[in-house]
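Shown below: target_5.cif, with mmCIF, C-alpha atoms and all ligand atoms.
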data_structure
#
loop_
_atom_site.label_atom_id
_atom_site.label_comp_id
_atom_site.auth_asym_id
_atom_site.auth_seq_id
_atom_site.Cartn_x
_atom_site.Cartn_y
_atom_site.Cartn_z
CA MET A 1 69.83 102.27 64.32
CA ILE A 2 72.13 104.96 62.99
CA THR A 3 75.46 103.90 61.53
CA VAL A 4 78.16 106.44 60.79
CA LYS A 5 81.00 104.94 58.73
CA SER A 6 84.28 106.78 58.31
CA VAL A 7 82.59 110.14 57.72
CA SER A 8 84.64 113.28 57.09
CA LYS A 9 83.95 116.95 56.49
CA LYS A 10 86.32 119.80 55.73
CA PHE A 11 85.54 123.51 55.81
CA ASN A 12 87.86 125.65 53.68
CA GLY A 13 90.29 122.75 53.44
CA LYS A 14 90.43 122.29 57.24
CA PRO A 15 89.07 119.01 58.68
CA ALA A 16 86.12 119.60 61.03
CA VAL A 17 85.19 115.91 61.21
CA ASP A 18 87.85 113.38 60.37
CA HIS A 19 86.93 109.77 59.52
CA ILE A 20 84.56 109.17 62.39
CA SER A 21 82.62 105.94 62.87
CA PHE A 22 80.03 105.01 65.46
CA GLN A 23 76.60 103.42 65.86
CA ALA A 24 73.61 104.65 67.81
CA HIS A 25 71.35 101.72 68.68
CA ASP A 26 67.58 101.59 68.92
CA GLN A 27 66.25 102.87 72.25
CA GLU A 28 69.61 104.38 73.08
CA ILE A 29 70.75 107.86 74.00
CA LEU A 30 74.20 108.27 72.50
CA VAL A 31 76.03 111.41 73.59
CA LEU A 32 78.61 113.23 71.47
CA LEU A 33 80.81 114.91 74.05
CA GLY A 34 83.76 117.22 73.57
CA THR A 35 85.08 120.73 73.87
CA SER A 36 83.99 123.59 71.65
CA GLY A 37 84.93 123.18 67.98
CA CYS A 38 85.67 119.43 68.11
CA GLY A 39 83.05 118.66 65.43
CA LYS A 40 79.95 117.61 67.39
CA THR A 41 77.42 119.88 65.68
CA THR A 42 78.87 119.17 62.25
CA THR A 43 78.49 115.45 62.92
CA LEU A 44 74.89 115.87 64.04
CA LYS A 45 73.97 118.05 61.08
CA MET A 46 75.45 115.56 58.63
CA ILE A 47 72.96 112.96 59.91
CA ASN A 48 69.96 115.05 58.80
CA ARG A 49 71.87 116.50 55.85
CA LEU A 50 71.80 120.10 57.02
CA ILE A 51 75.50 119.66 56.20
CA GLU A 52 76.54 117.24 53.46
CA SER A 53 79.51 115.00 54.31
CA ASP A 54 82.58 114.91 52.01
CA SER A 55 83.12 111.16 52.32
CA GLY A 56 82.02 108.08 54.24
CA ALA A 57 78.46 106.84 54.68
CA ILE A 58 75.60 107.39 57.10
CA LEU A 59 72.86 104.76 57.32
CA ILE A 60 69.58 104.90 59.21
CA ASP A 61 68.13 101.43 59.71
CA GLY A 62 70.44 100.18 57.00
CA LYS A 63 69.35 102.79 54.45
CA ASN A 64 71.91 105.28 53.13
CA ILE A 65 70.66 108.81 53.90
CA LEU A 66 71.75 109.92 50.42
CA ASP A 67 69.24 107.53 48.85
CA GLN A 68 66.32 109.79 49.75
CA LYS A 69 65.54 113.46 49.37
CA ALA A 70 66.90 115.56 52.24
CA GLU A 71 63.38 116.91 52.99
CA GLU A 72 61.96 113.38 53.24
CA LEU A 73 64.83 112.27 55.44
CA ARG A 74 64.22 115.17 57.83
CA MET A 75 60.54 114.27 58.18
CA GLY A 76 61.68 111.12 59.98
CA ILE A 77 64.10 112.92 62.29
CA GLY A 78 63.24 115.21 65.20
CA PHE A 79 65.83 117.95 65.59
CA VAL A 80 66.41 120.12 68.65
CA MET A 81 68.65 123.00 67.68
CA GLN A 82 71.22 124.77 69.79
CA HIS A 83 69.63 127.75 71.68
CA SER A 84 66.14 126.26 71.03
CA GLY A 85 66.11 127.54 67.42
CA LEU A 86 62.56 128.87 67.69
CA PHE A 87 61.36 131.29 65.02
CA PRO A 88 61.24 134.64 66.83
CA HIS A 89 58.27 136.04 64.87
CA TYR A 90 56.11 132.94 65.31
CA THR A 91 54.05 132.35 68.43
CA ILE A 92 54.81 129.21 70.41
CA LYS A 93 51.72 127.58 68.88
CA GLN A 94 52.97 128.38 65.36
CA ASN A 95 56.47 127.22 66.21
CA ILE A 96 55.22 123.84 67.44
CA ALA A 97 52.95 123.47 64.41
CA VAL A 98 55.68 123.90 61.79
CA VAL A 99 56.19 120.18 61.14
CA PRO A 100 52.48 119.21 61.39
CA GLU A 101 51.78 121.83 58.71
CA LEU A 102 54.38 120.32 56.43
CA LEU A 103 52.82 116.94 57.10
CA LYS A 104 49.37 118.44 56.38
CA TRP A 105 47.86 117.36 59.69
CA ASP A 106 44.36 118.64 60.37
CA LYS A 107 44.03 121.37 62.99
CA LYS A 108 42.43 119.13 65.62
CA LYS A 109 45.23 116.55 65.47
CA THR A 110 47.88 119.27 65.82
CA GLU A 111 46.05 120.87 68.72
CA SER A 112 45.56 117.68 70.68
CA ARG A 113 49.15 116.53 70.14
CA THR A 114 50.41 120.02 71.14
CA GLU A 115 48.33 119.88 74.30
CA GLU A 116 49.64 116.40 75.12
CA LEU A 117 53.25 117.54 74.74
CA LEU A 118 52.77 120.76 76.73
CA HIS A 119 51.42 118.65 79.54
CA LYS A 120 54.29 116.14 79.36
CA LEU A 121 56.88 118.89 79.27
CA HIS A 122 55.26 120.84 82.12
CA LEU A 123 54.38 123.91 80.11
CA SER A 124 51.08 125.69 80.64
CA ASP A 125 48.62 126.43 77.82
CA ASP A 126 49.12 130.16 78.16
CA VAL A 127 52.58 129.96 76.52
CA LEU A 128 50.92 129.13 73.20
CA SER A 129 49.95 132.69 72.32
CA ARG A 130 53.33 134.13 73.38
CA PHE A 131 56.47 134.75 71.32
CA PRO A 132 59.76 133.01 72.17
CA ASN A 133 61.31 136.13 73.74
CA GLU A 134 58.42 136.20 76.22
CA LEU A 135 59.50 132.84 77.67
CA SER A 136 62.37 131.94 80.01
CA GLY A 137 65.37 130.09 78.56
CA GLY A 138 64.16 126.85 80.16
CA GLN A 139 60.65 127.27 78.74
CA GLN A 140 62.05 127.99 75.28
CA GLN A 141 64.14 124.84 75.40
CA ARG A 142 61.08 122.80 76.43
CA VAL A 143 59.18 124.26 73.46
CA GLY A 144 62.13 123.34 71.22
CA ILE A 145 61.87 119.77 72.51
CA ALA A 146 58.07 119.73 72.02
CA ARG A 147 58.56 120.86 68.43
CA ALA A 148 61.05 118.07 67.81
CA LEU A 149 58.80 115.44 69.40
CA ILE A 150 55.50 116.39 67.80
CA ALA A 151 55.66 114.05 64.80
CA ASN A 152 56.84 111.14 66.97
CA THR A 153 59.80 110.35 64.73
CA PRO A 154 61.94 107.29 65.55
CA VAL A 155 65.16 109.35 65.52
CA LEU A 156 65.87 112.43 67.59
CA LEU A 157 68.96 114.63 67.19
CA MET A 158 69.56 117.12 70.00
CA ASP A 159 72.19 119.85 69.87
CA GLU A 160 72.94 121.18 73.37
CA PRO A 161 69.22 120.98 74.21
CA PHE A 162 69.74 122.18 77.78
CA GLY A 163 72.69 124.47 77.09
CA ALA A 164 71.04 127.70 78.21
CA LEU A 165 70.05 126.43 81.62
CA ASP A 166 71.64 126.92 85.03
CA ASN A 167 72.74 123.78 86.86
CA ILE A 168 69.71 123.55 89.16
CA THR A 169 67.17 123.87 86.34
CA LYS A 170 69.28 121.45 84.30
CA ALA A 171 69.18 118.79 87.02
CA ASP A 172 65.36 119.06 87.14
CA ILE A 173 64.97 118.87 83.36
CA HIS A 174 67.40 115.94 83.16
CA SER A 175 65.35 113.82 85.50
CA GLU A 176 62.09 114.75 83.74
CA PHE A 177 63.70 114.05 80.40
CA LYS A 178 64.89 110.62 81.44
CA SER A 179 61.43 109.65 82.63
CA LEU A 180 59.60 110.75 79.44
CA GLU A 181 57.94 107.64 78.01
CA GLU A 182 57.94 109.35 74.58
CA LEU A 183 61.69 109.01 74.37
CA LYS A 184 62.05 105.38 75.36
CA ASN A 185 61.55 103.94 71.88
CA LYS A 186 63.70 106.42 70.01
CA THR A 187 67.28 106.46 68.84
CA ILE A 188 68.65 109.68 70.27
CA ILE A 189 71.96 111.41 69.56
CA LEU A 190 72.59 114.25 71.95
CA VAL A 191 75.42 116.77 71.65
CA THR A 192 76.86 118.41 74.74
CA HIS A 193 80.10 119.81 76.14
CA ASP A 194 78.81 119.26 79.68
CA VAL A 195 80.44 116.18 81.19
CA GLN A 196 77.84 115.75 83.93
CA GLU A 197 75.02 115.98 81.42
CA ALA A 198 76.71 113.33 79.27
CA PHE A 199 76.94 110.99 82.24
CA GLU A 200 73.42 111.65 83.47
CA LEU A 201 71.70 111.15 80.12
CA GLY A 202 73.94 108.98 77.96
CA HIS A 203 73.70 105.21 77.73
CA ARG A 204 76.95 105.52 75.82
CA ILE A 205 79.29 108.41 75.13
CA CYS A 206 81.48 109.22 72.11
CA LEU A 207 84.27 111.45 73.35
CA MET A 208 85.52 113.65 70.51
CA ASP A 209 88.60 115.80 70.03
CA LYS A 210 89.73 117.73 66.95
CA GLY A 211 87.23 116.04 64.64
CA LYS A 212 88.01 112.51 65.78
CA ILE A 213 86.35 110.09 68.16
CA ILE A 214 88.81 109.23 70.88
CA GLN A 215 86.70 106.64 72.71
CA THR A 216 83.14 105.32 72.63
CA GLY A 217 81.78 103.53 75.65
CA THR A 218 79.39 103.46 78.59
CA PRO A 219 79.92 106.07 81.31
CA LYS A 220 81.45 103.32 83.44
CA GLU A 221 83.91 102.31 80.69
CA MET A 222 84.90 105.94 80.21
CA LEU A 223 85.80 106.29 83.88
CA TYR A 224 87.26 102.90 84.67
CA ARG A 225 88.61 101.78 81.26
CA PRO A 226 89.95 104.92 79.57
CA GLN A 227 91.77 104.07 76.35
CA ASN A 228 94.41 106.76 76.78
CA ASN A 229 95.50 109.76 78.84
CA PHE A 230 93.29 112.15 76.87
CA VAL A 231 90.21 110.27 78.09
CA SER A 232 91.27 110.01 81.73
CA ASP A 233 92.43 113.65 81.78
CA PHE A 234 89.14 114.79 80.26
CA PHE A 235 87.23 113.47 83.27
CA THR A 236 89.76 114.27 86.02
CA GLU A 237 88.03 117.39 87.29
CA ASN A 238 84.64 115.70 87.83
CA ARG A 239 85.87 112.20 88.43
CA LEU A 240 84.76 111.49 91.99
CA LEU A 241 81.36 113.08 91.50
CA LEU A 242 80.84 111.08 88.29
CA GLU A 243 81.82 107.86 90.03
CA TYR A 244 79.22 108.46 92.75
CA LYS A 245 76.63 109.38 90.14
CA ILE A 246 77.00 106.33 87.93
CA ALA A 247 77.16 103.79 90.77
CA THR A 248 73.71 102.47 91.70
CA LEU A 249 72.40 100.97 94.91
CA LYS A 250 72.03 97.70 93.02
CA GLU A 251 75.81 97.64 92.51
CA MET A 252 76.30 98.32 96.23
CA GLY A 253 74.18 95.24 97.05
CA ALA A 254 77.13 92.92 97.53
CA PHE A 255 78.75 95.29 100.01
CA LEU A 256 75.70 96.45 101.94
CA ASN A 257 72.92 94.62 103.73
CA SER A 258 70.17 97.17 103.67
CA GLU A 259 67.40 96.35 101.26
CA ASN A 260 64.81 97.37 103.83
CA THR A 261 66.60 100.61 104.53
CA HIS A 262 66.55 101.39 100.79
CA ARG A 263 62.79 101.10 100.82
CA THR A 264 62.39 103.23 103.95
CA PHE A 265 63.90 106.16 102.08
CA GLY A 266 62.03 105.49 98.84
CA PHE A 267 65.21 104.36 97.08
CA THR A 268 65.17 101.71 94.37
CA GLU A 269 67.97 99.58 92.92
CA LYS A 270 68.41 102.22 90.22
CA THR A 271 68.94 105.09 92.68
CA SER A 272 72.46 106.43 92.29
CA VAL A 273 74.81 106.37 95.25
CA TRP A 274 75.10 110.13 94.82
CA ASN A 275 71.35 110.74 95.06
CA ALA A 276 71.05 108.40 98.03
CA LEU A 277 73.91 110.14 99.89
CA GLN A 278 72.42 113.54 99.15
CA LYS A 279 69.09 112.52 100.60
CA LEU A 280 70.66 110.84 103.64
CA SER A 281 72.97 113.76 104.37
CA SER A 282 70.04 116.07 105.00
CA ASP A 283 69.20 114.34 108.29
CA HIS A 284 71.68 113.49 111.10
CA LYS A 285 69.60 110.47 112.12
CA ASN A 286 70.78 108.69 109.01
CA THR A 287 74.50 108.90 109.78
CA GLY A 288 74.94 105.12 110.23
CA TYR A 289 73.45 104.26 106.84
CA TYR A 290 75.27 107.15 105.20
CA GLU A 291 78.63 105.91 106.48
CA ASN A 292 77.90 102.31 105.51
CA LEU A 293 77.01 103.41 102.01
CA ILE A 294 80.29 105.28 101.64
CA LYS A 295 82.19 102.22 102.90
CA ALA A 296 80.30 100.02 100.43
CA PHE A 297 81.10 102.42 97.62
CA ASN A 298 84.80 102.37 98.52
CA GLU A 299 84.82 98.56 98.44
CA TYR A 300 83.01 98.55 95.10
CA ARG A 301 85.39 101.16 93.70
CA LYS A 302 88.49 99.12 94.58
CA LEU A 303 87.18 96.36 92.32
CA GLN A 304 86.56 98.72 89.40
CA ILE A 305 90.02 100.26 89.31
CA VAL A 306 92.50 97.76 87.97
N1 LIG B 1 79.98 126.55 58.15
C1 LIG B 1 81.26 126.50 58.56
N2 LIG B 1 82.24 127.09 57.88
C2 LIG B 1 83.53 127.02 58.26
N3 LIG B 1 83.94 126.37 59.36
C3 LIG B 1 83.01 125.76 60.11
C4 LIG B 1 81.62 125.79 59.76
N4 LIG B 1 80.93 125.08 60.68
C5 LIG B 1 81.84 124.64 61.57
N5 LIG B 1 83.08 125.04 61.23
C6 LIG B 1 84.33 124.71 61.94
O1 LIG B 1 84.38 123.31 62.10
C7 LIG B 1 84.86 122.96 63.39
C8 LIG B 1 83.84 122.10 64.09
O2 LIG B 1 82.70 122.89 64.41
P1 LIG B 1 81.42 122.32 65.17
O3 LIG B 1 80.39 123.39 65.23
O4 LIG B 1 81.04 121.04 64.58
O5 LIG B 1 82.03 122.07 66.62
P2 LIG B 1 81.28 121.74 68.00
O6 LIG B 1 82.05 120.67 68.63
O7 LIG B 1 79.84 121.50 67.77
O8 LIG B 1 81.47 123.11 68.80
P3 LIG B 1 80.45 123.86 69.81
O9 LIG B 1 80.35 123.02 71.03
O10 LIG B 1 81.19 125.15 70.07
O11 LIG B 1 79.15 124.06 69.10
C9 LIG B 1 85.19 124.26 64.08
O12 LIG B 1 86.55 124.52 63.92
C10 LIG B 1 84.35 125.27 63.35
O13 LIG B 1 84.95 126.54 63.40
#
Translate this file's structure into structure tokens.
Ligand SMILES: Nc1ncnc2c1ncn2[C@@H]1O[C@H](COP(=O)(O)OP(=O)(O)OP(=O)(O)O)[C@@H](O)[C@H]1O
Amino acid sequence: MITVKSVSKKFNGKPAVDHISFQAHDQEILVLLGTSGCGKTTTLKMINRLIESDSGAILIDGKNILDQKAEELRMGIGFVMQHSGLFPHYTIKQNIAVVPELLKWDKKKTESRTEELLHKLHLSDDVLSRFPNELSGGQQQRVGIARALIANTPVLLMDEPFGALDNITKADIHSEFKSLEELKNKTIILVTHDVQEAFELGHRICLMDKGKIIQTGTPKEMLYRPQNNFVSDFFTENRLLLEYKIATLKEMGAFLNSENTHRTFGFTEKTSVWNALQKLSSDHKNTGYYENLIKAFNEYRKLQIV
């Protein structure tokens, strides 16, 4: 668990992060969301001491991060940098092996772990001998993730890990990312300015503005229990889409009698209403179920908005 207690940071006398507090729990993806310059990256970098905070305390599993050497701390934290952060003059193989070398792994261990990760992240072996600029943006970001995962650290910090991708590639990577077993036991803090990404990946979201946290909560709480106008206004543009995306078929259960139909289409209780509607809308034969699902969603929605 990561605990951030009233942490602040000023640059040239100007507050970049202003008394923020939050916790990221074990096995949780916590998203720091906010517009450019609100202090997300500074917050993330204070956790692995790439930036030292001015005041407050940061604890990882109860231990103050200042009580150990910064290099030691970073050995226990995977870090995915903005724009992949790969070393341009290193091959992909060398880039991925940076941490294993620091940890003095033998060559065989590094090679087999590299191979395992390439496979999990759907990268082919032939990328290993290439340089970062010989890979697509999506491939580079996957390599950046492989590099951060290699030492299997319990904490993973990710700064706009999918920032360079177009929306279609992003949607693919998001679903792969969510299903990666590797990530299930980690505490992950992910920085993004992309609202849809925050809702797709985050178990909870910290919405930031001007160095402060305005609200922390689950995607559902953010939409249906905003603490103030800033929060509701922040999501206005994407609101309906987000509502469809966070509602699951399980939640529609009380308003819809169609368990068998779910199975026919390969849906599970966890399938989002959005994904189900998208699949159903591709075939006119499904119109009845499609309409019933929209009706069920409208009934469900009435109960959420108070
Ligand atoms: N090294 C620095 N020196 C001076 N000011 C800085 C430095 N790093 C960040 N800042 C300022 O601190 C504020 C917060 O920056 P930060 O990078 O944390 O924001 P962010 O939310 O991550 O933005 P983005 O999404 O654009 O990366 C900004 O006003 C930025 O200009």
Checklist entry - So which residues are near ligand LIG 1 (chain B), meaning at most 6 Å away with all atoms listed in the file counted, given back as a ChimeraX atom specification? => result /A:11,16,35-42
Next on the checklist: Can you pull out the residues contacting Lys212 (chain A)? Cut-off 7 Å, using only C-alpha atoms, and skip same-chain residues under 6 positions away; I want them as a list in words.
Outcome noted: Val17, Asp18, His19 and Ile20 of chain A
Hey, can you spit out that residue selection with C-alpha atoms as a short mmCIF file (atom, residue, chain, number, x, y, z; two decimals), in the coordinates of the input?
data_model
loop_
_atom_site.label_atom_id
_atom_site.label_comp_id
_atom_site.auth_asym_id
_atom_site.auth_seq_id
_atom_site.Cartn_x
_atom_site.Cartn_y
_atom_site.Cartn_z
CA VAL A 17 85.19 115.91 61.21
CA ASP A 18 87.85 113.38 60.37
CA HIS A 19 86.93 109.77 59.52
CA ILE A 20 84.56 109.17 62.39
#
With 6 Å as the cut-off and all atoms listed in the file counted, what is the closest atom pair between each nearby residue of region 71-121 of chain A and region 142-153 of chain A? Distances in Å to one decimal, ordered by chain and number, as a Markdown table.
| residue | atom | partner | partner_atom | distance |
| --- | --- | --- | --- | --- |
| A:Gly76 | CA | A:Thr153 | CA | 5.2 |
| A:Ile77 | CA | A:Thr153 | CA | 5.6 |
| A:Gly78 | CA | A:Ala148 | CA | 4.4 |
| A:Phe79 | CA | A:Ala148 | CA | 5.3 |
| A:Val80 | CA | A:Ala148 | CA | 5.8 |
| A:Ser84 | CA | A:Gly144 | CA | 5.0 |
| A:Ile96 | CA | A:Arg147 | CA | 4.6 |
| A:Leu117 | CA | A:Ala146 | CA | 6.0 |
Checklist outcome for this item: From the list A:Gln139, A:Asn133, A:Thr236, A:Gln94, the nearest residue to Glu111 (chain A) using only C-alpha atoms is A:Gln94
Next on the checklist: Which residues are near region 225-233 of chain A? Cut-off 12 Å, all atoms listed in the file, ignore same chain within fewer than 6 positions. Put them as a list of chain:residue names.
Outcome noted: A:Leu33, A:Gly34, A:Val195, A:Ile205, A:Cys206, A:Leu207, A:Met208, A:Asp209, A:Lys210, A:Ile213, A:Ile214, A:Gln215, A:Thr216, A:Gly217, A:Thr218, A:Pro219, A:Arg239, A:Gln304, A:Ile305, A:Val306
Checklist entry - Near Thr91 (chain A), within 6 Å and counting all atoms listed in the file, which residues show up once chain neighbours fewer than 3 positions away are dropped, as a ChimeraX atom specification? => result /A:94,129-131
Next on the checklist: List as JSON, numbers by chain the protein and nucleic acid residues near region 49-63 of chain A, meaning an atom at most 10 Å away when all atoms listed in the file are counted, but skip any in the same chain fewer than 2 places from it.
Outcome noted: {"A": [1, 2, 3, 4, 5, 6, 7, 8, 9, 10, 11, 17, 18, 19, 20, 21, 22, 23, 24, 25, 26, 41, 42, 43, 44, 45, 46, 47, 65, 66, 67, 68, 69, 70, 71, 73, 74, 155]}
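Near Thr271 (chain A), within 9 Å and counting all atoms listed in the file, sit Ala247, Thr248, Leu249, Lys250 and Ala276 of chain A; same-chain residues fewer than 5 positions away were not included.
One distance worth recording is that between CA of Glu176 (chain A) and CA of Gly137 (chain A), which is 16.5 Å.
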Student task, region 8-33 of chain A output with C-alpha atoms as an mmCIF file, in the first residue's frame:
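The file below, decode01.cif, is the result:
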data_model
loop_
_atom_site.group_PDB
_atom_site.id
_atom_site.type_symbol
_atom_site.label_atom_id
_atom_site.label_comp_id
_atom_site.auth_asym_id
_atom_site.auth_seq_id
_atom_site.Cartn_x
_atom_site.Cartn_y
_atom_site.Cartn_z
ATOM 1 C CA SER A 8 3.652 19.444 -1.236
ATOM 2 C CA LYS A 9 6.177 20.577 -3.823
ATOM 3 C CA LYS A 10 6.988 24.048 -5.094
ATOM 4 C CA PHE A 11 9.069 24.941 -8.138
ATOM 5 C CA ASN A 12 10.575 28.435 -8.041
ATOM 6 C CA GLY A 13 8.224 29.355 -5.217
ATOM 7 C CA LYS A 14 5.123 28.243 -7.158
ATOM 8 C CA PRO A 15 3.125 25.280 -5.788
ATOM 9 C CA ALA A 16 3.057 22.357 -8.229
ATOM 10 C CA VAL A 17 1.594 19.921 -5.685
ATOM 11 C CA ASP A 18 -0.247 21.363 -2.730
ATOM 12 C CA HIS A 19 -0.900 19.257 0.390
ATOM 13 C CA ILE A 20 -2.204 16.171 -1.352
ATOM 14 C CA SER A 21 -3.188 12.996 0.471
ATOM 15 C CA PHE A 22 -4.334 9.655 -0.886
ATOM 16 C CA GLN A 23 -3.775 5.918 -0.559
ATOM 17 C CA ALA A 24 -3.225 3.326 -3.257
ATOM 18 C CA HIS A 25 -4.214 -0.107 -1.971
ATOM 19 C CA ASP A 26 -2.675 -3.480 -2.723
ATOM 20 C CA GLN A 27 -3.903 -4.982 -5.993
ATOM 21 C CA GLU A 28 -5.378 -1.669 -7.033
ATOM 22 C CA ILE A 29 -4.940 0.551 -10.055
ATOM 23 C CA LEU A 30 -5.256 4.112 -8.806
ATOM 24 C CA VAL A 31 -5.427 6.733 -11.534
ATOM 25 C CA LEU A 32 -4.195 10.315 -11.149
ATOM 26 C CA LEU A 33 -6.345 12.235 -13.608
#
